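K.L.:
A single structure is presented below for examination.
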Amino acid sequence: IRKYGKFGLVTWVVVDLISLGALTFLIHNGLDIVSVLDSFGISHERIEQVGSSIFSAWLVALALNKLTVPIRLPIVLAITPRFYEWWYG
């Protein structure tokens with residue numbers, strides 16, 4: 001952690017923003033979020049009430065982005081040393 005501290009944090013934020021942006025894009029452009037939530041066994045009653053604006057898509061994407069932490073964390077842990085070595089040589 002001492003070696004990668006700030007660099008690891010920046011890597012986490014970048015991966016988080018990429019994930020959030022991709023989810024927002026997919027939801028705003030018609031991803032069937034109800035079937036995705038059904039496949040994970042998550043209730044979708046509130047999701048059906050959300051409008052179709054970009055802000056609504058962002059809010060839903062933000063909630064789903066929180067669910068992707070177990071996927072993103074190992075990715076960040078795996079790529080941080082590689083990016084660190086690439087950046088600093």
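To be explicit about the labels: the chains of the structure tokens are called A, B, and onward in the order shown, and within each one the residues are counted from 1, while ligands get numbers from 1 in the order they are shown.
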Give me, as a list in words, all polymer residues having an atom no more than 6 Å from stretch 17-28 of chain A, counting only C-alpha atoms and skipping those fewer than 4 positions away in the same chain.

P.N.:
Ala57, Trp58, Ala61 and Asn65 of chain A

K.L.:
For the selection you just gave me, I'd like the residues written to a file as a PDB file, in the first residue's frame, keeping N, CA and C atoms.

P.N.:
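Once everything was written out, this is result-v2.pdb:
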ATOM      1  N   ALA A  57     -31.097   7.642 -15.595  1.00  0.00           N
ATOM      2  CA  ALA A  57     -30.192   6.565 -15.982  1.00  0.00           C
ATOM      3  C   ALA A  57     -28.937   6.594 -15.114  1.00  0.00           C
ATOM      4  N   TRP A  58     -28.434   7.801 -14.809  1.00  0.00           N
ATOM      5  CA  TRP A  58     -27.249   7.929 -13.979  1.00  0.00           C
ATOM      6  C   TRP A  58     -27.507   7.429 -12.552  1.00  0.00           C
ATOM      7  N   ALA A  61     -27.599   3.733 -12.655  1.00  0.00           N
ATOM      8  CA  ALA A  61     -26.232   3.262 -12.884  1.00  0.00           C
ATOM      9  C   ALA A  61     -25.386   3.399 -11.617  1.00  0.00           C
ATOM     10  N   ASN A  65     -23.569   0.435  -9.964  1.00  0.00           N
ATOM     11  CA  ASN A  65     -22.119   0.550  -9.850  1.00  0.00           C
ATOM     12  C   ASN A  65     -21.646   0.101  -8.464  1.00  0.00           C
TER      13      ASN A  65
END

K.L.:
Let's see if you can do this: from backbone DSSP, list all helix (DSSP H, G or I) residues in chain A, as JSON, numbers by chain.

P.N.:
{"A": [5, 6, 7, 8, 9, 10, 11, 12, 13, 14, 15, 16, 17, 18, 19, 20, 21, 22, 23, 24, 25, 26, 27, 28, 33, 34, 35, 36, 37, 38, 39, 40, 47, 48, 49, 54, 55, 56, 57, 58, 59, 60, 61, 62, 63, 64, 65, 66, 67, 69, 70, 71, 72, 73, 74, 75, 76, 77, 78, 79, 80, 81, 82, 83, 84, 85, 86, 87, 88]}

K.L.:
Find the distance between atom CA of A:Thr11 and atom CA of A:Val76 and write it in Å to one decimal.

P.N.:
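The value is 6.6 Å.
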
K.L.:
Taking into account only C-alpha atoms, which residue in the set A:Leu62, A:Leu67, A:Phe7, A:Ser53 is nearest to A:Pro81?

P.N.:
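Residue with the minimum atom-to-atom distance to A:Pro81: A:Phe7.
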
K.L.:
Given only C-alpha atoms as the basis, pick out the residue of A:Ala63, A:Gly41, A:Thr80, A:Ser56 nearest to A:Lys6.

P.N.:
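When distances to A:Lys6 are compared using only C-alpha atoms, the smallest one comes from A:Thr80.
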
K.L.:
Skip A:Trp12 itself and residues of its chain fewer than 3 positions away, then list as a list in words all residues within 8 Å of it, counting only C-alpha atoms.

P.N.:
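Non-adjacent residues within range: Gly8, Leu9, Val15, Asp16, Leu73 and Val76 of chain A.
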
K.L.:
Generate the output file for the selected residues, N, CA, C and O atoms, as an mmCIF file, in the first residue's frame.

P.N.:
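This went into selection.cif:
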data_model
loop_
_atom_site.group_PDB
_atom_site.id
_atom_site.type_symbol
_atom_site.label_atom_id
_atom_site.label_comp_id
_atom_site.auth_asym_id
_atom_site.auth_seq_id
_atom_site.Cartn_x
_atom_site.Cartn_y
_atom_site.Cartn_z
ATOM 1 N N GLY A 8 -2.771 3.879 -6.573
ATOM 2 C CA GLY A 8 -3.875 2.921 -6.462
ATOM 3 C C GLY A 8 -5.212 3.613 -6.322
ATOM 4 O O GLY A 8 -6.213 3.181 -6.897
ATOM 5 N N LEU A 9 -5.240 4.705 -5.568
ATOM 6 C CA LEU A 9 -6.479 5.476 -5.417
ATOM 7 C C LEU A 9 -6.914 6.075 -6.748
ATOM 8 O O LEU A 9 -8.091 6.022 -7.104
ATOM 9 N N VAL A 15 -11.191 3.553 -12.785
ATOM 10 C CA VAL A 15 -11.990 2.350 -13.079
ATOM 11 C C VAL A 15 -13.443 2.572 -12.661
ATOM 12 O O VAL A 15 -14.373 2.180 -13.376
ATOM 13 N N ASP A 16 -13.655 3.231 -11.534
ATOM 14 C CA ASP A 16 -15.005 3.519 -11.061
ATOM 15 C C ASP A 16 -15.750 4.429 -12.050
ATOM 16 O O ASP A 16 -16.913 4.179 -12.377
ATOM 17 N N LEU A 73 -12.874 -4.431 -7.618
ATOM 18 C CA LEU A 73 -11.759 -4.442 -6.674
ATOM 19 C C LEU A 73 -10.623 -5.373 -7.109
ATOM 20 O O LEU A 73 -9.459 -4.944 -7.154
ATOM 21 N N VAL A 76 -8.799 -3.773 -10.058
ATOM 22 C CA VAL A 76 -7.924 -2.669 -9.662
ATOM 23 C C VAL A 76 -6.667 -3.201 -8.978
ATOM 24 O O VAL A 76 -5.557 -2.726 -9.243
#
